[in-house]
Structure formats: C-alpha cells, structure tokens
file run.cif (mmCIF, C-alpha atoms and all ligand atoms)
data_work
loop_
_atom_site.group_PDB
_atom_site.id
_atom_site.type_symbol
_atom_site.label_atom_id
_atom_site.label_comp_id
_atom_site.auth_asym_id
_atom_site.auth_seq_id
_atom_site.Cartn_x
_atom_site.Cartn_y
_atom_site.Cartn_z
ATOM 1 C CA MET A 106 0.000 0.000 0.000
ATOM 2 C CA THR A 107 1.280 3.497 -0.790
ATOM 3 C CA LEU A 108 1.868 6.172 1.815
ATOM 4 C CA ALA A 109 -1.137 8.097 0.485
ATOM 5 C CA GLU A 110 -3.333 5.025 0.933
ATOM 6 C CA GLN A 111 -2.065 4.426 4.468
ATOM 7 C CA ILE A 112 -2.743 8.046 5.391
ATOM 8 C CA ASP A 113 -6.218 7.853 3.896
ATOM 9 C CA ARG A 114 -6.930 4.661 5.834
ATOM 10 C CA THR A 115 -5.918 6.401 9.038
ATOM 11 C CA ARG A 116 -8.111 9.368 8.164
ATOM 12 C CA ILE A 117 -11.018 6.972 7.713
ATOM 13 C CA ARG A 118 -10.283 5.427 11.145
ATOM 14 C CA ILE A 119 -10.343 8.918 12.656
ATOM 15 C CA ASP A 120 -13.640 9.798 10.973
ATOM 16 C CA ALA A 121 -15.220 6.543 12.154
ATOM 17 C CA ALA A 122 -14.032 7.197 15.708
ATOM 18 C CA LEU A 123 -15.506 10.699 15.589
ATOM 19 C CA THR A 124 -18.843 9.336 14.377
ATOM 20 C CA ASN A 125 -18.866 6.633 17.059
ATOM 21 C CA SER A 126 -18.203 9.290 19.692
ATOM 22 C CA GLY A 127 -20.959 11.527 18.388
ATOM 23 C CA ARG A 128 -18.440 14.277 17.686
ATOM 24 C CA THR A 129 -18.597 16.717 14.803
ATOM 25 C CA ASP A 130 -15.465 18.768 15.559
ATOM 26 C CA PRO A 131 -12.287 17.965 13.624
ATOM 27 C CA VAL A 132 -9.283 15.896 14.737
ATOM 28 C CA THR A 133 -5.860 16.673 13.291
ATOM 29 C CA LEU A 134 -3.787 13.741 12.055
ATOM 30 C CA GLU A 135 -0.207 14.527 13.068
ATOM 31 C CA LEU A 136 2.334 12.167 11.523
ATOM 32 C CA ALA A 137 5.013 10.976 13.949
ATOM 33 C CA VAL A 138 8.067 10.766 11.696
ATOM 34 C CA LYS A 139 10.822 9.597 14.018
ATOM 35 C CA MET A 140 13.648 7.761 12.228
ATOM 36 C CA ARG A 141 12.151 8.516 8.796
ATOM 37 C CA THR A 142 14.274 9.959 5.986
ATOM 38 C CA PRO A 143 13.856 13.513 4.685
ATOM 39 C CA GLU A 144 12.417 12.059 1.444
ATOM 40 C CA ILE A 145 9.744 10.075 3.289
ATOM 41 C CA CYS A 146 8.923 13.087 5.468
ATOM 42 C CA ARG A 147 8.478 15.261 2.371
ATOM 43 C CA GLU A 148 6.316 12.646 0.656
ATOM 44 C CA ALA A 149 4.170 12.303 3.770
ATOM 45 C CA ALA A 150 3.742 16.080 3.935
ATOM 46 C CA ARG A 151 2.747 16.144 0.242
ATOM 47 C CA CYS A 152 0.190 13.377 0.799
ATOM 48 C CA LEU A 153 -1.437 15.261 3.665
ATOM 49 C CA SER A 154 -1.546 18.390 1.548
ATOM 50 C CA ASP A 155 -3.019 16.530 -1.459
ATOM 51 C CA LEU A 156 -5.743 15.101 0.781
ATOM 52 C CA GLY A 157 -6.574 18.635 1.904
ATOM 53 C CA LEU A 158 -5.501 17.848 5.478
ATOM 54 C CA PRO A 159 -3.438 20.102 7.747
ATOM 55 C CA VAL A 160 0.255 19.310 7.203
ATOM 56 C CA VAL A 161 1.565 18.528 10.686
ATOM 57 C CA LEU A 162 4.639 16.386 11.293
ATOM 58 C CA GLY A 163 5.933 15.528 14.758
ATOM 59 C CA HIS A 164 9.570 14.871 15.549
ATOM 60 C CA ASN A 165 10.984 13.213 18.638
ATOM 61 C CA ARG A 166 14.449 14.549 18.288
ATOM 62 C CA VAL A 167 15.647 18.026 17.526
ATOM 63 C CA GLN A 168 18.489 16.611 15.392
ATOM 64 C CA GLU A 169 15.956 14.826 13.182
ATOM 65 C CA ALA A 170 13.865 17.978 12.864
ATOM 66 C CA HIS A 171 17.031 19.736 11.750
ATOM 67 C CA ALA A 172 17.872 17.020 9.213
ATOM 68 C CA THR A 173 14.404 16.923 7.623
ATOM 69 C CA ALA A 174 13.130 20.500 7.974
ATOM 70 C CA GLU A 175 14.346 21.669 4.596
ATOM 71 C CA ALA A 176 12.613 18.804 2.772
ATOM 72 C CA ILE A 177 9.410 19.201 4.775
ATOM 73 C CA ARG A 178 9.252 22.955 4.186
ATOM 74 C CA GLU A 179 9.086 22.402 0.425
ATOM 75 C CA VAL A 180 5.427 21.664 1.120
ATOM 76 C CA PRO A 181 3.605 24.959 1.683
ATOM 77 C CA GLY A 182 1.975 25.336 5.081
ATOM 78 C CA ALA A 183 3.852 22.440 6.666
ATOM 79 C CA SER A 184 4.135 22.645 10.429
ATOM 80 C CA ILE A 185 6.855 20.841 12.392
ATOM 81 C CA HIS A 186 6.125 19.971 16.014
ATOM 82 C CA LEU A 187 8.507 18.658 18.641
ATOM 83 C CA ILE A 188 6.899 15.673 20.399
ATOM 84 C CA GLY A 189 9.985 14.332 22.177
ATOM 85 C CA PRO A 190 11.911 15.595 25.175
ATOM 86 C CA LEU A 191 13.729 18.927 24.774
ATOM 87 C CA GLN A 192 17.093 19.154 26.497
ATOM 88 C CA SER A 193 18.140 22.588 27.607
ATOM 89 C CA ASN A 194 21.195 22.649 25.348
ATOM 90 C CA LYS A 195 18.947 22.048 22.303
ATOM 91 C CA VAL A 196 16.541 24.936 22.856
ATOM 92 C CA ASN A 197 18.047 27.183 20.172
ATOM 93 C CA GLN A 198 18.024 24.384 17.592
ATOM 94 C CA ALA A 199 14.470 23.465 18.476
ATOM 95 C CA LEU A 200 13.390 27.065 18.008
ATOM 96 C CA ALA A 201 15.127 27.173 14.628
ATOM 97 C CA PHE A 202 13.408 24.075 13.231
ATOM 98 C CA CYS A 203 10.134 23.574 15.106
ATOM 99 C CA ASP A 204 6.916 25.573 14.912
ATOM 100 C CA LEU A 205 5.356 24.227 18.089
ATOM 101 C CA ILE A 206 6.758 22.476 21.167
ATOM 102 C CA GLU A 207 4.401 19.793 22.544
ATOM 103 C CA THR A 208 6.662 18.717 25.392
ATOM 104 C CA VAL A 209 6.841 21.645 27.798
ATOM 105 C CA ASP A 210 6.932 20.005 31.223
ATOM 106 C CA SER A 211 9.018 22.118 33.607
ATOM 107 C CA ARG A 212 9.412 25.700 34.786
ATOM 108 C CA ASP A 213 13.024 25.572 33.778
ATOM 109 C CA LEU A 214 12.100 24.764 30.171
ATOM 110 C CA VAL A 215 9.413 27.473 30.123
ATOM 111 C CA GLU A 216 11.960 30.039 31.266
ATOM 112 C CA ARG A 217 14.602 28.948 28.778
ATOM 113 C CA LEU A 218 12.145 29.010 25.868
ATOM 114 C CA ASP A 219 10.760 32.357 26.946
ATOM 115 C CA ARG A 220 14.209 33.929 27.047
ATOM 116 C CA ARG A 221 15.210 32.740 23.605
ATOM 117 C CA CYS A 222 12.106 32.749 21.430
ATOM 118 C CA ALA A 223 10.248 35.444 19.598
ATOM 119 C CA ARG A 224 6.847 36.495 20.862
ATOM 120 C CA GLY A 225 4.029 33.986 20.484
ATOM 121 C CA LEU A 226 5.719 30.572 20.402
ATOM 122 C CA PRO A 227 2.873 28.049 20.607
ATOM 123 C CA VAL A 228 3.386 25.333 23.206
ATOM 124 C CA LEU A 229 1.555 22.362 24.682
ATOM 125 C CA VAL A 230 2.092 21.355 28.283
ATOM 126 C CA GLN A 231 2.958 17.658 28.497
ATOM 127 C CA VAL A 232 1.391 15.842 31.428
ATOM 128 C CA ASN A 233 2.273 12.394 32.736
ATOM 129 C CA THR A 234 -1.301 11.142 33.053
ATOM 130 C CA SER A 235 -0.450 7.470 33.529
ATOM 131 C CA GLY A 236 1.916 7.826 36.468
ATOM 132 C CA GLU A 237 4.410 5.498 34.759
ATOM 133 C CA ALA A 238 7.962 6.270 35.831
ATOM 134 C CA SER A 239 9.168 5.839 32.239
ATOM 135 C CA LYS A 240 6.949 8.655 30.974
ATOM 136 C CA ARG A 241 7.893 12.305 30.640
ATOM 137 C CA GLY A 242 5.545 15.161 31.449
ATOM 138 C CA CYS A 243 4.736 17.142 34.543
ATOM 139 C CA ARG A 244 2.703 15.556 37.322
ATOM 140 C CA PRO A 245 -1.030 16.372 37.203
ATOM 141 C CA GLU A 246 -0.726 18.173 40.554
ATOM 142 C CA ASP A 247 1.950 20.474 39.119
ATOM 143 C CA VAL A 248 -0.046 21.562 36.068
ATOM 144 C CA ASP A 249 -1.573 24.671 37.640
ATOM 145 C CA SER A 250 1.731 26.187 38.674
ATOM 146 C CA LEU A 251 3.280 25.354 35.312
ATOM 147 C CA ILE A 252 0.378 27.022 33.476
ATOM 148 C CA GLU A 253 0.853 30.079 35.648
ATOM 149 C CA CYS A 254 4.487 30.109 34.637
ATOM 150 C CA VAL A 255 3.592 29.836 30.915
ATOM 151 C CA GLU A 256 1.066 32.648 31.266
ATOM 152 C CA LEU A 257 3.658 34.864 32.938
ATOM 153 C CA ALA A 258 6.195 34.098 30.209
ATOM 154 C CA GLY A 259 5.379 36.845 27.759
ATOM 155 C CA ASN A 260 6.674 35.007 24.684
ATOM 156 C CA LEU A 261 4.852 31.688 24.968
ATOM 157 C CA ARG A 262 1.293 30.973 23.885
ATOM 158 C CA LEU A 263 -0.478 28.067 25.585
ATOM 159 C CA GLU A 264 -2.222 26.030 22.865
ATOM 160 C CA GLY A 265 -3.202 23.047 24.972
ATOM 161 C CA PHE A 266 -1.991 19.768 26.430
ATOM 162 C CA MET A 267 -0.217 16.613 25.330
ATOM 163 C CA THR A 268 0.151 13.187 26.870
ATOM 164 C CA VAL A 269 1.452 9.742 26.014
ATOM 165 C CA GLY A 270 -1.239 7.353 27.222
ATOM 166 C CA LEU A 271 -0.795 4.383 29.479
ATOM 167 C CA HIS A 272 1.041 1.531 27.768
ATOM 168 C CA SER A 273 -1.647 -1.152 28.107
ATOM 169 C CA ASP A 274 -4.219 -3.148 26.151
ATOM 170 C CA VAL A 275 -6.896 -2.539 28.756
ATOM 171 C CA GLU A 276 -9.282 -0.020 27.244
ATOM 172 C CA ALA A 277 -10.670 1.351 30.509
ATOM 173 C CA GLU A 278 -7.204 2.015 31.932
ATOM 174 C CA VAL A 279 -5.886 3.691 28.797
ATOM 175 C CA ARG A 280 -9.018 5.822 28.523
ATOM 176 C CA ASP A 281 -8.624 6.866 32.162
ATOM 177 C CA SER A 282 -5.278 8.424 31.334
ATOM 178 C CA TYR A 283 -6.819 10.321 28.410
ATOM 179 C CA ALA A 284 -9.829 11.399 30.474
ATOM 180 C CA ARG A 285 -7.408 12.817 33.031
ATOM 181 C CA LEU A 286 -5.879 15.103 30.389
ATOM 182 C CA ARG A 287 -9.323 16.234 29.269
ATOM 183 C CA GLU A 288 -10.247 17.103 32.855
ATOM 184 C CA ILE A 289 -7.034 19.098 33.213
ATOM 185 C CA ARG A 290 -7.869 20.923 29.983
ATOM 186 C CA ASP A 291 -11.426 21.695 31.093
ATOM 187 C CA ARG A 292 -10.269 22.976 34.477
ATOM 188 C CA THR A 293 -7.573 25.133 32.886
ATOM 189 C CA ALA A 294 -10.024 26.648 30.401
ATOM 190 C CA GLU A 295 -12.284 27.571 33.302
ATOM 191 C CA GLN A 296 -9.416 29.144 35.233
ATOM 192 C CA LEU A 297 -8.238 31.142 32.222
ATOM 193 C CA VAL A 298 -11.838 32.064 31.320
ATOM 194 C CA ILE A 299 -11.485 30.767 27.774
ATOM 195 C CA SER A 300 -13.396 28.165 25.797
ATOM 196 C CA GLU A 301 -12.381 24.514 26.148
ATOM 197 C CA SER A 302 -12.171 24.393 22.363
ATOM 198 C CA ASP A 303 -9.336 26.940 22.533
ATOM 199 C CA LEU A 304 -7.062 24.328 24.123
ATOM 200 C CA ALA A 305 -5.894 21.340 22.081
ATOM 201 C CA LEU A 306 -5.615 17.786 23.376
ATOM 202 C CA SER A 307 -2.767 15.940 21.646
ATOM 203 C CA MET A 308 -3.256 12.301 22.632
ATOM 204 C CA GLY A 309 -3.635 8.896 21.000
ATOM 205 C CA MET A 310 -1.294 6.920 18.718
ATOM 206 C CA SER A 311 -1.538 4.119 16.141
ATOM 207 C CA ALA A 312 -2.786 1.506 18.589
ATOM 208 C CA ASP A 313 -5.306 3.535 20.553
ATOM 209 C CA LEU A 314 -6.423 6.577 18.582
ATOM 210 C CA GLU A 315 -10.089 5.487 18.800
ATOM 211 C CA TRP A 316 -9.937 5.511 22.608
ATOM 212 C CA ALA A 317 -8.260 8.918 22.631
ATOM 213 C CA ILE A 318 -10.854 10.383 20.267
ATOM 214 C CA ALA A 319 -13.634 8.985 22.462
ATOM 215 C CA GLU A 320 -12.044 10.946 25.336
ATOM 216 C CA GLY A 321 -11.811 14.177 23.348
ATOM 217 C CA ALA A 322 -8.469 14.156 21.494
ATOM 218 C CA THR A 323 -8.162 17.022 19.009
ATOM 219 C CA THR A 324 -4.836 15.780 17.602
ATOM 220 C CA VAL A 325 -3.673 12.178 17.293
ATOM 221 C CA ARG A 326 0.020 11.394 16.677
ATOM 222 C CA VAL A 327 0.375 8.443 14.345
ATOM 223 C CA GLY A 328 3.583 6.733 13.232
ATOM 224 C CA THR A 329 3.620 3.000 12.628
ATOM 225 C CA ALA A 330 0.032 2.756 11.308
ATOM 226 C CA VAL A 331 1.118 4.975 8.402
ATOM 227 C CA PHE A 332 4.809 4.222 7.925
ATOM 228 C CA GLY A 333 5.051 0.604 9.115
ATOM 229 C CA PRO A 334 7.338 -0.639 11.901
ATOM 230 C CA ARG A 335 10.218 1.542 13.007
ATOM 231 C CA PRO A 336 13.826 0.439 12.751
ATOM 232 C CA ALA A 337 14.747 -1.628 15.834
ATOM 233 C CA SER A 338 16.971 1.113 17.232
ATOM 234 C CA ALA A 339 14.147 3.656 17.422
ATOM 235 C CA PRO A 340 13.337 4.980 20.874
ATOM 236 C CA ARG A 341 10.023 4.014 22.432
ATOM 237 C CA HIS A 342 7.674 6.889 23.024
ATOM 238 C CA VAL A 343 8.300 8.519 26.353
HETATM 239 C C1 LIG B 1 6.433 7.544 18.140
HETATM 240 C C2 LIG B 1 5.478 8.436 18.823
HETATM 241 C C3 LIG B 1 4.132 8.468 18.449
HETATM 242 C C4 LIG B 1 3.547 7.550 17.390
HETATM 243 O O1 LIG B 1 3.512 6.237 17.865
HETATM 244 P P1 LIG B 1 2.987 5.045 16.924
HETATM 245 O O2 LIG B 1 2.690 3.958 17.877
HETATM 246 O O3 LIG B 1 4.104 4.747 15.996
HETATM 247 O O4 LIG B 1 1.801 5.545 16.213
HETATM 248 C C5 LIG B 1 3.316 9.366 19.096
HETATM 249 N N1 LIG B 1 3.777 10.188 20.068
HETATM 250 C C6 LIG B 1 5.064 10.168 20.457
HETATM 251 C C7 LIG B 1 5.502 11.095 21.533
HETATM 252 C C8 LIG B 1 5.947 9.285 19.851
HETATM 253 O O5 LIG B 1 7.213 9.260 20.274
#

call {"tool": "encode", "arguments": {"input": "run.cif", "output": "structure tokens", "more": "lines below"}}
Ligand SMILES: *Cc1c(COP(=O)(O)O)cnc(C)c1O
result
Amino acid sequence: MTLAEQIDRTRIRIDAALTNSGRTDPVTLELAVKMRTPEICREAARCLSDLGLPVVLGHNRVQEAHATAEAIREVPGASIHLIGPLQSNKVNQALAFCDLIETVDSRDLVERLDRRCARGLPVLVQVNTSGEASKRGCRPEDVDSLIECVELAGNLRLEGFMTVGLHSDVEAEVRDSYARLREIRDRTAEQLVISESDLALSMGMSADLEWAIAEGATTVRVGTAVFGPRPASAPRHV
C-alpha cells in the first residue's frame, strides 16, 4: 500500500471514531516521523496536503527535525512539532526548526524558551497522566503552577496539552489516562476564562487513537500505522 493510501486509511479510522463518539469537531492527524528519511517526510507532507488535510509532522528529536526541515518545508503550510523531550542545550536548535513544542513540562524549560524565542511561540504542556515512571511530562498536581508560569512568560502561547497514554491493552485504563488530560484541559479553560475548544488535546497513537478520540483528542500522533514498523533502534515513546 502506498503512503497516500495508508494516510487515507488512518483518516477513515479517525472519521469513524468521531462518528462513534458523536463528535462533529475535527481531529488533526499529526504524523510521527521519528527515524524517517527527509524524502519520506516530504512525501508524507505532500500526501497530507493533497488530501486537503493540515500538514503537521511531529519529531521526537531536535536533530531529526534539523535534518528533515528543509525537505518538509518544500510543502507549503507544513508545520513541524517537537513531540519528544527537549534538552536545555537544544533549545536554540528546536526554536530554529520547530513551529510548536508539545513537550513543555518544567518551569526551567518554560523560562529557557521564553528567554530565547520570539513572541508567540505556541506550546503544549505535556502531562504524565499514567503515572508510569518511564513517561515524561509534569505531574497532574503540578499543572496549575506550570500554566501560571507559561502565562507569565510573555513570549509563549499556551495552545493546549499533550500526553502519552498508558502503555496497556486494557481499554478502561488507557481511557482513564486520556480522560485525566481532558479534565485538566477543562479545568484550565475555566481558570483562564477561555473556551475549552481553545485548548488542544494531543493524545492517542496508532494503537489507541479510537480511545483517545472517544475521550476528546483534538490531535492524534500516528507513526507505525502509516509508515510501518520503526527500525529496531528507534526509541520508544516517552
Ligand atoms: C512515536 C510516537 C508516536 C507515534 O507512535 P505510533 O505507535 O508509531 O503511532 C506518538 N507520540 C510520540 C511522543 C511518539 O514518540
């Protein structure tokens, strides 16, 4: 099957999940392109564009964003997100090659980004909703103070929240972790006196996007369902 066909199949899965959840609002298909070549990234971006979908590609590593950005930006309107951990010594590179950082999870990172970026950098706050020690993201109880910090940082714009769901086959447990992010989003919207729909929920991957959409995901990050298995050396999502 071609890349275009795989992407279309995933789009159909998303639409079916929306229908089953009784939702009529859109969900963005973000392609998780870790370990993929610049050529494959560009082709994937072209396919999204040809299907009339938003062109959003997520990178785990700043170095890979650097290596593929030029190819991806040949496609007009392409947006490159960072979906992996951002080390403090990579902040400048991340700002050079990424349009949105989905993995803001500490005050230290907020302050570093705020010092070095131009006004209006869109960010998502990553929350560890599963409690797994292997997962990145701030603890749910630290979200409020982190949001306060983002709001005080004049150069960052809070666009919503991101999580990597519980690694499990048990639907109820995985959905609990996604529901937790939705509750955090709803509470934050209330505190900031904005609409819930103004804050994105980036959650759900190849194996569980239906469960994430049922819990309110507005972006799903899909890799293997579109591109096939990753090379064995690829990092697991964290
Ligand atoms: C790799 C990755 C994904 C996509 O996972 P698949 O199971 O390949 O769909 C999503 N989010 C993050 C943070 C990832 O690292």

call {"tool": "resolve_selection", "arguments": {"input": "run.cif", "expression": "the PyMOL selection byres (((chain A and resi 162-174) around 8) and not hetatm)", "output": "ChimeraX atom specification"}}
result
/A:135-140,142-143,146,150,160-161,175-178,183-191,195,198-199,202-203,326

call {"tool": "residues_around", "arguments": {"input": "run.cif", "residues": "Pro131 in chain A", "least_positions_apart": "2", "cutoff": "10 Å", "atoms": "all atoms listed in the file", "output": "ChimeraX atom specification"}}
result
/A:119-120,123,128-129,133-134,322-324

call {"tool": "write_last_selection", "arguments": {"input": "run.cif", "atoms": "C-alpha atoms", "output": "mmCIF file, in the frame of the given file"}}
result
data_model
loop_
_atom_site.group_PDB
_atom_site.id
_atom_site.type_symbol
_atom_site.label_atom_id
_atom_site.label_comp_id
_atom_site.auth_asym_id
_atom_site.auth_seq_id
_atom_site.Cartn_x
_atom_site.Cartn_y
_atom_site.Cartn_z
ATOM 1 C CA ILE A 119 -10.343 8.918 12.656
ATOM 2 C CA ASP A 120 -13.640 9.798 10.973
ATOM 3 C CA LEU A 123 -15.506 10.699 15.589
ATOM 4 C CA ARG A 128 -18.440 14.277 17.686
ATOM 5 C CA THR A 129 -18.597 16.717 14.803
ATOM 6 C CA THR A 133 -5.860 16.673 13.291
ATOM 7 C CA LEU A 134 -3.787 13.741 12.055
ATOM 8 C CA ALA A 322 -8.469 14.156 21.494
ATOM 9 C CA THR A 323 -8.162 17.022 19.009
ATOM 10 C CA THR A 324 -4.836 15.780 17.602
#

call {"tool": "closest_residue", "arguments": {"input": "run.cif", "among": "A:Glu315, A:Glu207, A:Glu144, A:Glu110", "to": "ligand LIG 1 (chain B)", "atoms": "only C-alpha atoms and all ligand atoms"}}
result
A:Glu207

call {"tool": "resolve_selection", "arguments": {"input": "run.cif", "expression": "the PyMOL selection byres (((chain A and resi 232) around 10) and not hetatm)", "output": "count of residues only"}}
result
28

call {"tool": "closest_residue", "arguments": {"input": "run.cif", "among": "A:Ser250, A:Ser273, A:Thr107, A:Ser311", "to": "ligand LIG 1 (chain B)", "atoms": "all atoms listed in the file"}}
result
A:Ser311

call {"tool": "resolve_selection", "arguments": {"input": "run.cif", "expression": "the PyMOL selection byres (((chain A and resi 279) around 10) and not hetatm)", "output": "PyMOL selection string"}}
result
chain A and resi 234-235+269-278+280-284+309+313+316-317

call {"tool": "write_last_selection", "arguments": {"input": "run.cif", "atoms": "C-alpha atoms", "output": "PDB file, keeping the file's coordinate frame"}}
result
ATOM      1  CA  THR A 234      -1.301  11.142  33.053  1.00  0.00           C
ATOM      2  CA  SER A 235      -0.450   7.470  33.529  1.00  0.00           C
ATOM      3  CA  VAL A 269       1.452   9.742  26.014  1.00  0.00           C
ATOM      4  CA  GLY A 270      -1.239   7.353  27.222  1.00  0.00           C
ATOM      5  CA  LEU A 271      -0.795   4.383  29.479  1.00  0.00           C
ATOM      6  CA  HIS A 272       1.041   1.531  27.768  1.00  0.00           C
ATOM      7  CA  SER A 273      -1.647  -1.152  28.107  1.00  0.00           C
ATOM      8  CA  ASP A 274      -4.219  -3.148  26.151  1.00  0.00           C
ATOM      9  CA  VAL A 275      -6.896  -2.539  28.756  1.00  0.00           C
ATOM     10  CA  GLU A 276      -9.282  -0.020  27.244  1.00  0.00           C
ATOM     11  CA  ALA A 277     -10.670   1.351  30.509  1.00  0.00           C
ATOM     12  CA  GLU A 278      -7.204   2.015  31.932  1.00  0.00           C
ATOM     13  CA  ARG A 280      -9.018   5.822  28.523  1.00  0.00           C
ATOM     14  CA  ASP A 281      -8.624   6.866  32.162  1.00  0.00           C
ATOM     15  CA  SER A 282      -5.278   8.424  31.334  1.00  0.00           C
ATOM     16  CA  TYR A 283      -6.819  10.321  28.410  1.00  0.00           C
ATOM     17  CA  ALA A 284      -9.829  11.399  30.474  1.00  0.00           C
ATOM     18  CA  GLY A 309      -3.635   8.896  21.000  1.00  0.00           C
ATOM     19  CA  ASP A 313      -5.306   3.535  20.553  1.00  0.00           C
ATOM     20  CA  TRP A 316      -9.937   5.511  22.608  1.00  0.00           C
ATOM     21  CA  ALA A 317      -8.260   8.918  22.631  1.00  0.00           C
TER      22      ALA A 317
END

call {"tool": "residues_around", "arguments": {"input": "run.cif", "residues": "Glu216 in chain A", "least_positions_apart": "3", "cutoff": "10 Å", "atoms": "all atoms listed in the file", "output": "number ranges by chain"}}
result
A: 211-213, 219-221, 254-255, 257-258, 260-261

call {"tool": "atom_distance", "arguments": {"input": "run.cif", "atom1": "CA of Arg147 in chain A", "atom2": "CA of Cys222 in chain A"}}
result
26.1 Å

call {"tool": "residues_around", "arguments": {"input": "run.cif", "residues": "Met310 in chain A", "least_positions_apart": "5", "cutoff": "8 Å", "atoms": "all atoms listed in the file", "output": "PDB file with C-alpha atoms, keeping the file's coordinate frame"}}
result
ATOM      1  CA  VAL A 325      -3.673  12.178  17.293  1.00  0.00           C
ATOM      2  CA  ARG A 326       0.020  11.394  16.677  1.00  0.00           C
ATOM      3  CA  VAL A 327       0.375   8.443  14.345  1.00  0.00           C
ATOM      4  CA  GLY A 328       3.583   6.733  13.232  1.00  0.00           C
TER       5      GLY A 328
END

call {"tool": "decode", "arguments": {"input": "run.cif", "residues": "range 157-169 of chain A", "atoms": "N, CA, C and O atoms", "output": "compact mmCIF listing (two decimals), in the first residue's frame"}}
result
# COMPACT_ATOMS: atom_id res chain seq x y z
N GLY A 157 -5.91 17.46 1.34
CA GLY A 157 -6.57 18.63 1.90
C GLY A 157 -6.54 18.67 3.41
O GLY A 157 -7.32 19.37 4.06
N LEU A 158 -5.61 17.89 4.01
CA LEU A 158 -5.50 17.85 5.48
C LEU A 158 -4.43 18.83 5.94
O LEU A 158 -3.52 19.18 5.19
N PRO A 159 -4.51 19.28 7.20
CA PRO A 159 -3.44 20.10 7.75
C PRO A 159 -2.13 19.31 7.69
O PRO A 159 -2.12 18.11 7.93
N VAL A 160 -1.03 20.00 7.34
CA VAL A 160 0.25 19.31 7.20
C VAL A 160 1.03 19.48 8.51
O VAL A 160 1.68 20.50 8.75
N VAL A 161 0.92 18.47 9.38
CA VAL A 161 1.56 18.53 10.69
C VAL A 161 2.42 17.28 10.87
O VAL A 161 1.90 16.16 10.79
N LEU A 162 3.72 17.50 11.08
CA LEU A 162 4.64 16.39 11.29
C LEU A 162 5.29 16.55 12.66
O LEU A 162 5.74 17.64 13.01
N GLY A 163 5.36 15.47 13.41
CA GLY A 163 5.93 15.53 14.76
C GLY A 163 7.26 14.79 14.82
O GLY A 163 7.36 13.65 14.36
N HIS A 164 8.25 15.47 15.39
CA HIS A 164 9.57 14.87 15.55
C HIS A 164 9.87 14.61 17.01
O HIS A 164 9.56 15.43 17.87
N ASN A 165 10.56 13.50 17.27
CA ASN A 165 10.98 13.21 18.64
C ASN A 165 12.29 13.87 19.00
O ASN A 165 12.55 14.11 20.17
N ARG A 166 13.10 14.05 18.00
CA ARG A 166 14.45 14.55 18.29
C ARG A 166 14.72 15.80 17.49
O ARG A 166 14.43 15.87 16.30
N VAL A 167 15.33 16.76 18.17
CA VAL A 167 15.65 18.03 17.53
C VAL A 167 16.59 17.79 16.34
O VAL A 167 16.42 18.41 15.28
N GLN A 168 17.55 16.88 16.50
CA GLN A 168 18.49 16.61 15.39
C GLN A 168 17.74 16.14 14.15
O GLN A 168 18.11 16.48 13.03
N GLU A 169 16.70 15.32 14.35
CA GLU A 169 15.96 14.83 13.18
C GLU A 169 15.11 15.94 12.56
O GLU A 169 14.93 15.99 11.35
